[in-house]
>>> print(open('upload-v5.cif').read())   # mmCIF, C-alpha atoms
data_work
#
loop_
_atom_site.group_PDB
_atom_site.id
_atom_site.type_symbol
_atom_site.label_atom_id
_atom_site.label_comp_id
_atom_site.auth_asym_id
_atom_site.auth_seq_id
_atom_site.Cartn_x
_atom_site.Cartn_y
_atom_site.Cartn_z
ATOM 1 C CA MET A 367 8.343 18.408 -83.855
ATOM 2 C CA SER A 368 10.336 21.369 -82.608
ATOM 3 C CA ALA A 369 8.649 24.460 -81.212
ATOM 4 C CA PRO A 370 8.698 27.713 -83.204
ATOM 5 C CA PRO A 371 11.258 30.286 -82.049
ATOM 6 C CA PRO A 372 10.351 32.182 -78.857
ATOM 7 C CA ARG A 373 8.263 35.302 -79.370
ATOM 8 C CA PRO A 374 9.852 38.652 -78.536
ATOM 9 C CA THR A 375 8.368 40.623 -75.649
ATOM 10 C CA HIS A 376 6.367 43.021 -77.819
ATOM 11 C CA GLN A 377 4.680 40.087 -79.523
ATOM 12 C CA ARG A 378 3.867 38.403 -76.213
ATOM 13 C CA LEU A 379 2.344 41.654 -74.968
ATOM 14 C CA ALA A 380 0.222 42.014 -78.105
ATOM 15 C CA ASP A 381 -0.888 38.378 -77.908
ATOM 16 C CA THR A 382 -1.716 38.779 -74.202
ATOM 17 C CA PHE A 383 -3.918 41.827 -74.733
ATOM 18 C CA ALA A 384 -5.628 40.071 -77.650
ATOM 19 C CA LYS A 385 -6.392 37.038 -75.468
ATOM 20 C CA LEU A 386 -7.736 39.132 -72.602
ATOM 21 C CA SER A 387 -9.935 41.195 -74.913
ATOM 22 C CA GLU A 388 -11.313 38.328 -76.964
ATOM 23 C CA PRO A 389 -15.126 37.983 -77.041
ATOM 24 C CA ASN A 390 -16.365 35.142 -74.792
ATOM 25 C CA ALA A 391 -12.927 34.774 -73.213
ATOM 26 C CA ASP A 392 -12.667 32.373 -70.305
ATOM 27 C CA VAL A 393 -10.280 32.263 -67.375
ATOM 28 C CA TRP A 394 -9.194 29.539 -64.979
ATOM 29 C CA VAL A 395 -9.475 30.942 -61.469
ATOM 30 C CA ALA A 396 -7.404 29.327 -58.715
ATOM 31 C CA SER A 397 -8.041 30.408 -55.151
ATOM 32 C CA THR A 398 -7.409 29.060 -51.724
ATOM 33 C CA GLY A 399 -9.412 28.749 -48.540
ATOM 34 C CA PRO A 400 -10.279 26.378 -45.731
ATOM 35 C CA GLY A 401 -10.943 23.535 -48.208
ATOM 36 C CA GLY A 402 -7.546 23.899 -49.884
ATOM 37 C CA ALA A 403 -6.930 24.847 -53.506
ATOM 38 C CA HIS A 404 -9.970 25.519 -55.646
ATOM 39 C CA LEU A 405 -10.111 25.919 -59.425
ATOM 40 C CA VAL A 406 -12.977 26.805 -61.750
ATOM 41 C CA PRO A 407 -13.420 28.080 -65.306
ATOM 42 C CA LEU A 408 -15.304 31.377 -65.593
ATOM 43 C CA SER A 409 -16.039 34.011 -68.211
ATOM 44 C CA LEU A 410 -13.905 37.130 -68.027
ATOM 45 C CA ALA A 411 -13.989 40.720 -69.153
ATOM 46 C CA TRP A 412 -10.883 42.861 -69.492
ATOM 47 C CA ILE A 413 -11.899 46.328 -68.359
ATOM 48 C CA ASP A 414 -9.532 49.178 -67.614
ATOM 49 C CA GLU A 415 -6.555 46.833 -67.124
ATOM 50 C CA ARG A 416 -8.520 44.658 -64.713
ATOM 51 C CA VAL A 417 -9.844 41.107 -65.027
ATOM 52 C CA VAL A 418 -13.540 41.152 -64.123
ATOM 53 C CA ILE A 419 -15.364 37.939 -63.267
ATOM 54 C CA ALA A 420 -18.965 37.374 -62.165
ATOM 55 C CA LEU A 421 -19.974 34.616 -59.767
ATOM 56 C CA PRO A 422 -22.167 33.810 -56.777
ATOM 57 C CA SER A 423 -20.764 35.676 -53.784
ATOM 58 C CA ASP A 424 -21.203 32.577 -51.657
ATOM 59 C CA SER A 425 -19.476 30.168 -54.072
ATOM 60 C CA VAL A 426 -16.194 28.616 -52.957
ATOM 61 C CA THR A 427 -14.240 30.861 -55.312
ATOM 62 C CA GLY A 428 -16.194 33.952 -54.240
ATOM 63 C CA ARG A 429 -15.592 33.288 -50.571
ATOM 64 C CA ASN A 430 -11.942 32.367 -51.064
ATOM 65 C CA ILE A 431 -11.109 35.544 -52.967
ATOM 66 C CA ALA A 432 -13.078 37.745 -50.580
ATOM 67 C CA ALA A 433 -11.160 36.293 -47.637
ATOM 68 C CA SER A 434 -7.665 36.052 -49.129
ATOM 69 C CA GLY A 435 -7.825 39.059 -51.466
ATOM 70 C CA LYS A 436 -5.914 37.070 -54.078
ATOM 71 C CA ALA A 437 -6.299 34.771 -57.066
ATOM 72 C CA ARG A 438 -4.098 33.131 -59.630
ATOM 73 C CA LEU A 439 -5.543 33.191 -63.143
ATOM 74 C CA ALA A 440 -4.777 31.389 -66.381
ATOM 75 C CA VAL A 441 -6.042 32.408 -69.809
ATOM 76 C CA GLY A 442 -5.520 30.334 -72.932
ATOM 77 C CA PRO A 443 -4.780 26.673 -73.564
ATOM 78 C CA THR A 444 -2.038 24.852 -71.670
ATOM 79 C CA ARG A 445 0.556 25.431 -74.392
ATOM 80 C CA ASP A 446 -0.209 29.095 -75.005
ATOM 81 C CA VAL A 447 -0.832 30.499 -71.566
ATOM 82 C CA VAL A 448 -1.152 33.839 -69.878
ATOM 83 C CA MET A 449 -0.678 33.423 -66.113
ATOM 84 C CA ILE A 450 -1.805 36.257 -63.865
ATOM 85 C CA ASP A 451 -1.280 36.737 -60.143
ATOM 86 C CA ALA A 452 -3.943 39.209 -59.100
ATOM 87 C CA GLU A 453 -5.304 40.987 -56.066
ATOM 88 C CA LEU A 454 -8.912 41.865 -55.344
ATOM 89 C CA ASP A 455 -9.503 45.481 -56.324
ATOM 90 C CA GLY A 456 -13.274 45.666 -55.852
ATOM 91 C CA ALA A 457 -16.447 43.608 -55.390
ATOM 92 C CA HIS A 458 -19.876 44.749 -56.549
ATOM 93 C CA PRO A 459 -23.250 43.011 -56.328
ATOM 94 C CA VAL A 460 -24.286 42.785 -59.975
ATOM 95 C CA ASP A 461 -27.234 45.145 -59.648
ATOM 96 C CA GLU A 462 -25.222 47.821 -57.835
ATOM 97 C CA ALA A 463 -22.113 47.775 -60.006
ATOM 98 C CA PRO A 464 -20.693 50.824 -61.778
ATOM 99 C CA GLY A 465 -21.965 51.078 -65.363
ATOM 100 C CA PRO A 466 -18.583 50.550 -67.051
ATOM 101 C CA ILE A 467 -18.133 47.254 -65.217
ATOM 102 C CA ALA A 468 -21.611 45.846 -65.838
ATOM 103 C CA ASP A 469 -21.808 47.104 -69.416
ATOM 104 C CA GLY A 470 -18.235 46.096 -70.186
ATOM 105 C CA TYR A 471 -18.788 42.611 -68.828
ATOM 106 C CA ALA A 472 -21.963 42.119 -70.853
ATOM 107 C CA ALA A 473 -20.256 43.453 -73.982
ATOM 108 C CA GLN A 474 -17.334 41.022 -73.879
ATOM 109 C CA SER A 475 -18.913 37.981 -72.280
ATOM 110 C CA ASP A 476 -21.621 35.793 -73.748
ATOM 111 C CA TRP A 477 -23.870 36.348 -70.762
ATOM 112 C CA ASP A 478 -25.073 39.205 -68.599
ATOM 113 C CA PRO A 479 -25.334 38.377 -64.902
ATOM 114 C CA ARG A 480 -27.479 41.414 -64.029
ATOM 115 C CA GLY A 481 -30.619 40.217 -62.328
ATOM 116 C CA GLN A 482 -28.978 37.039 -60.981
ATOM 117 C CA VAL A 483 -29.667 36.960 -57.260
ATOM 118 C CA GLY A 484 -26.524 36.662 -55.142
ATOM 119 C CA TYR A 485 -24.057 37.293 -57.968
ATOM 120 C CA SER A 486 -21.214 39.781 -57.740
ATOM 121 C CA TYR A 487 -18.531 41.119 -60.033
ATOM 122 C CA LEU A 488 -15.034 40.743 -58.676
ATOM 123 C CA VAL A 489 -12.480 43.175 -60.070
ATOM 124 C CA LEU A 490 -8.990 41.661 -60.049
ATOM 125 C CA ARG A 491 -5.885 43.784 -60.525
ATOM 126 C CA PRO A 492 -2.913 41.994 -62.116
ATOM 127 C CA LEU A 493 0.320 42.206 -60.170
ATOM 128 C CA ARG A 494 2.344 39.750 -62.226
ATOM 129 C CA VAL A 495 1.662 38.594 -65.778
ATOM 130 C CA GLN A 496 3.589 35.863 -67.568
ATOM 131 C CA ALA A 497 3.053 34.453 -71.056
ATOM 132 C CA TRP A 498 4.609 31.400 -72.646
ATOM 133 C CA ARG A 499 3.897 28.628 -75.105
ATOM 134 C CA GLU A 500 6.524 25.908 -74.885
ATOM 135 C CA ALA A 501 9.647 25.369 -72.796
ATOM 136 C CA ASN A 502 11.710 27.631 -75.060
ATOM 137 C CA GLU A 503 9.526 30.584 -73.981
ATOM 138 C CA ILE A 504 10.085 30.195 -70.247
ATOM 139 C CA SER A 505 12.904 32.709 -70.461
ATOM 140 C CA GLY A 506 11.388 36.145 -70.985
ATOM 141 C CA ARG A 507 7.928 35.116 -69.831
ATOM 142 C CA THR A 508 7.371 37.933 -67.339
ATOM 143 C CA LEU A 509 5.412 40.794 -68.894
ATOM 144 C CA MET A 510 4.339 42.557 -65.698
ATOM 145 C CA ARG A 511 5.897 42.567 -62.270
ATOM 146 C CA ASP A 512 4.705 44.391 -59.145
ATOM 147 C CA GLY A 513 1.806 45.767 -61.197
ATOM 148 C CA VAL A 514 4.003 47.406 -63.835
ATOM 149 C CA TRP A 515 4.192 46.270 -67.467
ATOM 150 C CA THR A 516 7.701 45.661 -68.677
ATOM 151 C CA SER A 517 8.746 47.829 -71.552
ATOM 152 C CA ALA A 518 8.889 45.906 -74.810
ATOM 153 C CA SER A 519 12.510 46.963 -75.148
ATOM 154 C CA GLU A 520 13.511 45.894 -71.681
ATOM 155 C CA PRO A 521 15.066 42.485 -71.078
ATOM 156 C CA VAL A 522 12.773 40.304 -68.979
ATOM 157 C CA MET B 13 -26.263 29.788 -80.319
ATOM 158 C CA SER B 14 -27.759 27.263 -77.926
ATOM 159 C CA ALA B 15 -25.681 24.476 -76.397
ATOM 160 C CA PRO B 16 -26.182 20.886 -77.557
ATOM 161 C CA PRO B 17 -28.262 18.704 -75.222
ATOM 162 C CA PRO B 18 -26.481 17.492 -72.079
ATOM 163 C CA ARG B 19 -24.519 14.263 -72.456
ATOM 164 C CA PRO B 20 -25.712 11.228 -70.531
ATOM 165 C CA THR B 21 -23.429 9.853 -67.821
ATOM 166 C CA HIS B 22 -22.023 6.995 -69.907
ATOM 167 C CA GLN B 23 -20.963 9.459 -72.590
ATOM 168 C CA ARG B 24 -19.327 11.763 -70.056
ATOM 169 C CA LEU B 25 -17.425 8.803 -68.621
ATOM 170 C CA ALA B 26 -16.236 7.744 -72.077
ATOM 171 C CA ASP B 27 -15.220 11.311 -72.954
ATOM 172 C CA THR B 28 -13.404 11.657 -69.622
ATOM 173 C CA PHE B 29 -11.344 8.497 -70.082
ATOM 174 C CA ALA B 30 -10.541 9.562 -73.645
ATOM 175 C CA LYS B 31 -9.302 12.971 -72.460
ATOM 176 C CA LEU B 32 -7.170 11.476 -69.690
ATOM 177 C CA SER B 33 -5.632 8.912 -72.035
ATOM 178 C CA GLU B 34 -4.939 11.238 -74.935
ATOM 179 C CA PRO B 35 -1.317 11.439 -76.115
ATOM 180 C CA ASN B 36 0.406 14.645 -74.935
ATOM 181 C CA ALA B 37 -2.475 15.446 -72.593
ATOM 182 C CA ASP B 38 -2.008 18.410 -70.309
ATOM 183 C CA VAL B 39 -3.496 19.205 -66.928
ATOM 184 C CA TRP B 40 -3.962 22.404 -64.946
ATOM 185 C CA VAL B 41 -2.689 21.749 -61.439
ATOM 186 C CA ALA B 42 -3.965 23.962 -58.620
ATOM 187 C CA SER B 43 -2.343 23.638 -55.227
ATOM 188 C CA THR B 44 -2.064 25.696 -52.122
ATOM 189 C CA GLY B 45 0.729 26.606 -49.764
ATOM 190 C CA PRO B 46 2.262 29.485 -47.850
ATOM 191 C CA GLY B 47 2.141 31.728 -50.948
ATOM 192 C CA GLY B 48 -1.582 31.117 -51.519
ATOM 193 C CA ALA B 49 -3.129 29.444 -54.534
ATOM 194 C CA HIS B 50 -0.781 28.250 -57.235
ATOM 195 C CA LEU B 51 -1.668 27.070 -60.735
ATOM 196 C CA VAL B 52 0.476 25.640 -63.524
ATOM 197 C CA PRO B 53 -0.033 23.637 -66.728
ATOM 198 C CA LEU B 54 1.787 20.296 -66.809
ATOM 199 C CA SER B 55 1.854 17.151 -68.917
ATOM 200 C CA LEU B 56 -0.052 14.191 -67.510
ATOM 201 C CA ALA B 57 -0.167 10.457 -67.840
ATOM 202 C CA TRP B 58 -3.189 8.383 -66.851
ATOM 203 C CA ILE B 59 -1.798 5.198 -65.348
ATOM 204 C CA ASP B 60 -3.790 2.641 -63.384
ATOM 205 C CA GLU B 61 -6.572 5.126 -62.609
ATOM 206 C CA ARG B 62 -4.100 7.704 -61.337
ATOM 207 C CA VAL B 63 -3.009 11.067 -62.742
ATOM 208 C CA VAL B 64 0.790 11.103 -62.895
ATOM 209 C CA ILE B 65 2.688 14.366 -63.265
ATOM 210 C CA ALA B 66 6.436 15.042 -63.337
ATOM 211 C CA LEU B 67 7.968 18.209 -61.951
ATOM 212 C CA PRO B 68 10.878 19.558 -59.914
ATOM 213 C CA SER B 69 10.402 18.416 -56.334
ATOM 214 C CA ASP B 70 11.328 21.878 -55.095
ATOM 215 C CA SER B 71 8.929 23.766 -57.407
ATOM 216 C CA VAL B 72 6.034 25.615 -55.779
ATOM 217 C CA THR B 73 3.577 22.979 -56.989
ATOM 218 C CA GLY B 74 5.839 20.125 -55.874
ATOM 219 C CA ARG B 75 6.254 21.570 -52.399
ATOM 220 C CA ASN B 76 2.578 22.470 -52.055
ATOM 221 C CA ILE B 77 1.347 18.996 -52.949
ATOM 222 C CA ALA B 78 3.963 17.284 -50.794
ATOM 223 C CA ALA B 79 2.895 19.374 -47.803
ATOM 224 C CA SER B 80 -0.889 19.389 -48.287
ATOM 225 C CA GLY B 81 -1.275 15.969 -49.894
ATOM 226 C CA LYS B 82 -3.906 17.428 -52.244
ATOM 227 C CA ALA B 83 -4.417 19.024 -55.639
ATOM 228 C CA ARG B 84 -7.280 20.156 -57.776
ATOM 229 C CA LEU B 85 -6.854 19.327 -61.451
ATOM 230 C CA ALA B 86 -8.527 20.426 -64.664
ATOM 231 C CA VAL B 87 -8.230 18.680 -68.023
ATOM 232 C CA GLY B 88 -9.640 20.074 -71.242
ATOM 233 C CA PRO B 89 -10.629 23.537 -72.402
ATOM 234 C CA THR B 90 -12.807 25.802 -70.245
ATOM 235 C CA ARG B 91 -16.025 24.746 -71.978
ATOM 236 C CA ASP B 92 -15.347 21.010 -71.997
ATOM 237 C CA VAL B 93 -13.778 20.331 -68.638
ATOM 238 C CA VAL B 94 -12.902 17.413 -66.437
ATOM 239 C CA MET B 95 -12.336 18.613 -62.869
ATOM 240 C CA ILE B 96 -10.558 16.288 -60.470
ATOM 241 C CA ASP B 97 -10.031 16.607 -56.736
ATOM 242 C CA ALA B 98 -7.110 14.327 -55.963
ATOM 243 C CA GLU B 99 -4.926 13.193 -53.115
ATOM 244 C CA LEU B 100 -1.247 12.389 -53.234
ATOM 245 C CA ASP B 101 -0.826 8.635 -53.556
ATOM 246 C CA GLY B 102 2.930 8.433 -54.107
ATOM 247 C CA ALA B 103 6.044 10.448 -54.975
ATOM 248 C CA HIS B 104 9.067 8.988 -56.770
ATOM 249 C CA PRO B 105 12.313 10.632 -57.849
ATOM 250 C CA VAL B 106 12.317 10.064 -61.610
ATOM 251 C CA ASP B 107 15.296 7.735 -61.603
ATOM 252 C CA GLU B 108 13.936 5.557 -58.802
ATOM 253 C CA ALA B 109 10.350 5.224 -59.983
ATOM 254 C CA PRO B 110 8.584 1.916 -60.626
ATOM 255 C CA GLY B 111 8.831 0.888 -64.281
ATOM 256 C CA PRO B 112 5.112 1.150 -65.052
ATOM 257 C CA ILE B 113 5.086 4.772 -63.911
ATOM 258 C CA ALA B 114 8.217 5.913 -65.727
ATOM 259 C CA ASP B 115 7.473 3.935 -68.880
ATOM 260 C CA GLY B 116 3.785 4.857 -68.834
ATOM 261 C CA TYR B 117 4.593 8.519 -68.447
ATOM 262 C CA ALA B 118 7.087 8.481 -71.320
ATOM 263 C CA ALA B 119 4.620 6.584 -73.507
ATOM 264 C CA GLN B 120 1.765 9.061 -73.126
ATOM 265 C CA SER B 121 3.636 12.336 -72.700
ATOM 266 C CA ASP B 122 5.774 14.074 -75.297
ATOM 267 C CA TRP B 123 8.774 14.098 -72.981
ATOM 268 C CA ASP B 124 10.601 11.728 -70.676
ATOM 269 C CA PRO B 125 11.841 13.292 -67.438
ATOM 270 C CA ARG B 126 14.227 10.458 -66.575
ATOM 271 C CA GLY B 127 17.685 11.887 -66.082
ATOM 272 C CA GLN B 128 16.378 15.327 -65.050
ATOM 273 C CA VAL B 129 18.048 16.177 -61.761
ATOM 274 C CA GLY B 130 15.606 16.998 -58.971
ATOM 275 C CA TYR B 131 12.478 15.845 -60.816
ATOM 276 C CA SER B 132 9.869 13.563 -59.290
ATOM 277 C CA TYR B 133 6.715 11.847 -60.433
ATOM 278 C CA LEU B 134 3.702 12.601 -58.283
ATOM 279 C CA VAL B 135 0.945 10.007 -58.381
ATOM 280 C CA LEU B 136 -2.454 11.586 -57.713
ATOM 281 C CA ARG B 137 -5.499 9.528 -56.877
ATOM 282 C CA PRO B 138 -8.850 11.016 -57.935
ATOM 283 C CA LEU B 139 -11.419 11.316 -55.161
ATOM 284 C CA ARG B 140 -13.998 13.347 -57.051
ATOM 285 C CA VAL B 141 -14.345 13.722 -60.818
ATOM 286 C CA GLN B 142 -16.765 16.058 -62.552
ATOM 287 C CA ALA B 143 -17.245 16.693 -66.261
ATOM 288 C CA TRP B 144 -19.259 19.391 -67.974
ATOM 289 C CA ARG B 145 -19.332 21.557 -71.061
ATOM 290 C CA GLU B 146 -21.876 24.334 -70.710
ATOM 291 C CA ALA B 147 -24.324 25.402 -68.010
ATOM 292 C CA ASN B 148 -26.855 22.771 -69.098
ATOM 293 C CA GLU B 149 -24.386 20.049 -68.060
ATOM 294 C CA ILE B 150 -23.903 21.236 -64.470
ATOM 295 C CA SER B 151 -26.609 18.818 -63.373
ATOM 296 C CA GLY B 152 -25.196 15.305 -63.563
ATOM 297 C CA ARG B 153 -21.578 16.455 -63.649
ATOM 298 C CA THR B 154 -20.281 14.210 -60.855
ATOM 299 C CA LEU B 155 -18.745 11.021 -62.251
ATOM 300 C CA MET B 156 -16.788 9.940 -59.177
ATOM 301 C CA ARG B 157 -17.341 10.692 -55.537
ATOM 302 C CA ASP B 158 -15.278 9.522 -52.547
ATOM 303 C CA GLY B 159 -13.014 7.675 -54.975
ATOM 304 C CA VAL B 160 -15.811 5.573 -56.516
ATOM 305 C CA TRP B 161 -17.014 5.923 -60.103
ATOM 306 C CA THR B 162 -20.742 6.378 -60.415
ATOM 307 C CA SER B 163 -22.479 3.685 -62.361
ATOM 308 C CA ALA B 164 -23.535 4.878 -65.792
ATOM 309 C CA SER B 165 -27.093 3.904 -64.926
ATOM 310 C CA GLU B 166 -27.165 5.719 -61.614
ATOM 311 C CA PRO B 167 -28.602 9.215 -61.379
ATOM 312 C CA VAL B 168 -25.912 11.742 -60.439
#
>>> encode(input="upload-v5.cif", output="structure tokens")
Amino acid sequence: MSAPPPRPTHQRLADTFAKLSEPNADVWVASTGPGGAHLVPLSLAWIDERVVIALPSDSVTGRNIAASGKARLAVGPTRDVVMIDAELDGAHPVDEAPGPIADGYAAQSDWDPRGQVGYSYLVLRPLRVQAWREANEISGRTLMRDGVWTSASEPV
Amino acid sequence: MSAPPPRPTHQRLADTFAKLSEPNADVWVASTGPGGAHLVPLSLAWIDERVVIALPSDSVTGRNIAASGKARLAVGPTRDVVMIDAELDGAHPVDEAPGPIADGYAAQSDWDPRGQVGYSYLVLRPLRVQAWREANEISGRTLMRDGVWTSASEPV
């Protein structure tokens, strides 16, 4: 079975925003620390061009991202992926978070972490975003570089 | 909507082997190196209780695993996951690999890397395996620890 033709950039951008904004969206979060590479699935909210996750501050992922300031994220199934290299842009204990973050997270996610002792929101700013389905979409996969979205008309 | 009741250990084991053996199965591979955490989706084959992947030896993931000897793997969607902490058990340039690895990989995967210049198979041995769907399956999620499968009758 051959793959469908590669999507143009504007379609990949539209599909990427749809994935990030989907209700109950999940994200694979890869981080690194003293124990090596770590990877967990978490709920996400897409708020003001940031990926927001909520987790125990003292979890492996929480400690890794706090220390390194970085994470690599994947959204979508393995053959329709959005890959995001992100930097830590803010961390807020859930009961002290700005309203737009806490309300936005609860609105998109299927749970509301407010009231969970020891939980924080981590706000992750994308620096590079890539989207591809099959091998024929590897070319043109970069939708953001150095924190700037590529124009839909620009070759990537 | 409430989650279905948690699966007993024997069912999680059966589901895990089914996922690992599925034709065209994919795996999220997290690794770490000088650039921090890396994460990519790859095809997998489950051969002789090992996860086998094929990739360019000089890719970020290839170099990270060669240097660290470790990877963290995820199979399945975010709400039906198998998480595997694995160590590198062998690396073979695709055209010099033992027959069972090359043939087994081609049989399960939807591609055959033999003939691809610079590609290697990495053979990853699971040390810890966990499987869960929703929060109510966090308890009892560990199916293998220190390289040994838990007995289906043993509390985990």
>>> interface_residues(input="upload-v5.cif", of="chain B", to="chain A", cutoff="6 Å", atoms="all atoms listed in the file", output="PDB file with C-alpha atoms, in the frame of the given file")
ATOM      1  CA  ALA B  42      -3.965  23.962 -58.620  1.00  0.00           C
ATOM      2  CA  SER B  43      -2.343  23.638 -55.227  1.00  0.00           C
ATOM      3  CA  THR B  44      -2.064  25.696 -52.122  1.00  0.00           C
ATOM      4  CA  ALA B  49      -3.129  29.444 -54.534  1.00  0.00           C
ATOM      5  CA  PRO B  53      -0.033  23.637 -66.728  1.00  0.00           C
ATOM      6  CA  THR B  90     -12.807  25.802 -70.245  1.00  0.00           C
TER       7      THR B  90
END
>>> resolve_selection(input="upload-v5.cif", expression="the PyMOL selection byres ((chain B and resi 152) around 10)", output="PyMOL selection string")
chain B and resi 18-21+24+142-144+148-151+153-155+166-168
>>> resolve_selection(input="upload-v5.cif", expression="the PyMOL selection byres ((chain A and resi 458-470) around 6)", output="MDAnalysis selection string")
chainID A and resid 457 471:473 480 485:487
>>> resolve_selection(input="upload-v5.cif", expression="the PyMOL selection byres ((chain B and resi 159) around 8)", output="PDB file with C-alpha atoms, in the coordinates of the input")
ATOM      1  CA  ARG B 137      -5.499   9.528 -56.877  1.00  0.00           C
ATOM      2  CA  PRO B 138      -8.850  11.016 -57.935  1.00  0.00           C
ATOM      3  CA  LEU B 139     -11.419  11.316 -55.161  1.00  0.00           C
ATOM      4  CA  ARG B 140     -13.998  13.347 -57.051  1.00  0.00           C
ATOM      5  CA  MET B 156     -16.788   9.940 -59.177  1.00  0.00           C
ATOM      6  CA  ARG B 157     -17.341  10.692 -55.537  1.00  0.00           C
ATOM      7  CA  ASP B 158     -15.278   9.522 -52.547  1.00  0.00           C
ATOM      8  CA  VAL B 160     -15.811   5.573 -56.516  1.00  0.00           C
ATOM      9  CA  TRP B 161     -17.014   5.923 -60.103  1.00  0.00           C
TER      10      TRP B 161
END
>>> atom_distance(input="upload-v5.cif", atom1="CA of Ser425 in chain A", atom2="CA of Thr382 in chain A")
28.2 Å
>>> atom_distance(input="upload-v5.cif", atom1="CA of Ile65 in chain B", atom2="CA of His22 in chain B")
26.6 Å
>>> closest_residue(input="upload-v5.cif", among="A:Ala420, A:Ala501, A:Val426, A:Leu410", to="Gly481 in chain A", atoms="all atoms listed in the file")
A:Ala420
>>> atom_distance(input="upload-v5.cif", atom1="CA of Val418 in chain A", atom2="CA of Val141 in chain B")
27.6 Å
>>> closest_residue(input="upload-v5.cif", among="B:Leu100, B:Val94, B:Leu32, B:Ile59", to="Gly74 in chain B", atoms="only C-alpha atoms")
B:Leu100
>>> closest_residue(input="upload-v5.cif", among="B:Pro125, B:Ser163, B:Glu146, B:Phe29", to="Leu67 in chain B", atoms="all atoms listed in the file")
B:Pro125
>>> closest_residue(input="upload-v5.cif", among="A:Glu453, A:Asp381, A:Glu388, A:Asp476", to="Arg416 in chain A", atoms="all atoms listed in the file")
A:Glu453
>>> build_atoms(input="upload-v5.cif", residues="range 402-414 of chain A", atoms="N, CA and C atoms", output="PDB file, in the frame of the given file")
ATOM      1  N   GLY A 402      -8.727  24.107 -49.053  1.00  0.00           N
ATOM      2  CA  GLY A 402      -7.546  23.899 -49.884  1.00  0.00           C
ATOM      3  C   GLY A 402      -7.650  24.668 -51.188  1.00  0.00           C
ATOM      4  N   ALA A 403      -6.943  24.167 -52.213  1.00  0.00           N
ATOM      5  CA  ALA A 403      -6.930  24.847 -53.506  1.00  0.00           C
ATOM      6  C   ALA A 403      -8.252  24.623 -54.220  1.00  0.00           C
ATOM      7  N   HIS A 404      -8.781  25.672 -54.820  1.00  0.00           N
ATOM      8  CA  HIS A 404      -9.970  25.519 -55.646  1.00  0.00           C
ATOM      9  C   HIS A 404      -9.647  26.055 -57.040  1.00  0.00           C
ATOM     10  N   LEU A 405     -10.382  25.562 -58.029  1.00  0.00           N
ATOM     11  CA  LEU A 405     -10.111  25.919 -59.425  1.00  0.00           C
ATOM     12  C   LEU A 405     -11.397  25.794 -60.205  1.00  0.00           C
ATOM     13  N   VAL A 406     -11.779  26.847 -60.904  1.00  0.00           N
ATOM     14  CA  VAL A 406     -12.977  26.805 -61.750  1.00  0.00           C
ATOM     15  C   VAL A 406     -12.746  27.623 -63.015  1.00  0.00           C
ATOM     16  N   PRO A 407     -13.425  27.245 -64.099  1.00  0.00           N
ATOM     17  CA  PRO A 407     -13.420  28.080 -65.306  1.00  0.00           C
ATOM     18  C   PRO A 407     -14.576  29.071 -65.247  1.00  0.00           C
ATOM     19  N   LEU A 408     -14.282  30.323 -65.593  1.00  0.00           N
ATOM     20  CA  LEU A 408     -15.304  31.377 -65.593  1.00  0.00           C
ATOM     21  C   LEU A 408     -15.120  32.260 -66.822  1.00  0.00           C
ATOM     22  N   SER A 409     -16.170  32.986 -67.173  1.00  0.00           N
ATOM     23  CA  SER A 409     -16.039  34.011 -68.211  1.00  0.00           C
ATOM     24  C   SER A 409     -15.271  35.199 -67.632  1.00  0.00           C
ATOM     25  N   LEU A 410     -14.604  35.933 -68.505  1.00  0.00           N
ATOM     26  CA  LEU A 410     -13.905  37.130 -68.027  1.00  0.00           C
ATOM     27  C   LEU A 410     -14.189  38.306 -68.933  1.00  0.00           C
ATOM     28  N   ALA A 411     -14.052  39.495 -68.354  1.00  0.00           N
ATOM     29  CA  ALA A 411     -13.989  40.720 -69.153  1.00  0.00           C
ATOM     30  C   ALA A 411     -12.726  41.467 -68.745  1.00  0.00           C
ATOM     31  N   TRP A 412     -12.120  42.104 -69.726  1.00  0.00           N
ATOM     32  CA  TRP A 412     -10.883  42.861 -69.492  1.00  0.00           C
ATOM     33  C   TRP A 412     -11.259  44.333 -69.580  1.00  0.00           C
ATOM     34  N   ILE A 413     -11.360  44.970 -68.431  1.00  0.00           N
ATOM     35  CA  ILE A 413     -11.899  46.328 -68.359  1.00  0.00           C
ATOM     36  C   ILE A 413     -10.914  47.202 -67.609  1.00  0.00           C
ATOM     37  N   ASP A 414     -10.398  48.199 -68.280  1.00  0.00           N
ATOM     38  CA  ASP A 414      -9.532  49.178 -67.614  1.00  0.00           C
ATOM     39  C   ASP A 414      -8.351  48.482 -66.918  1.00  0.00           C
TER      40      ASP A 414
END
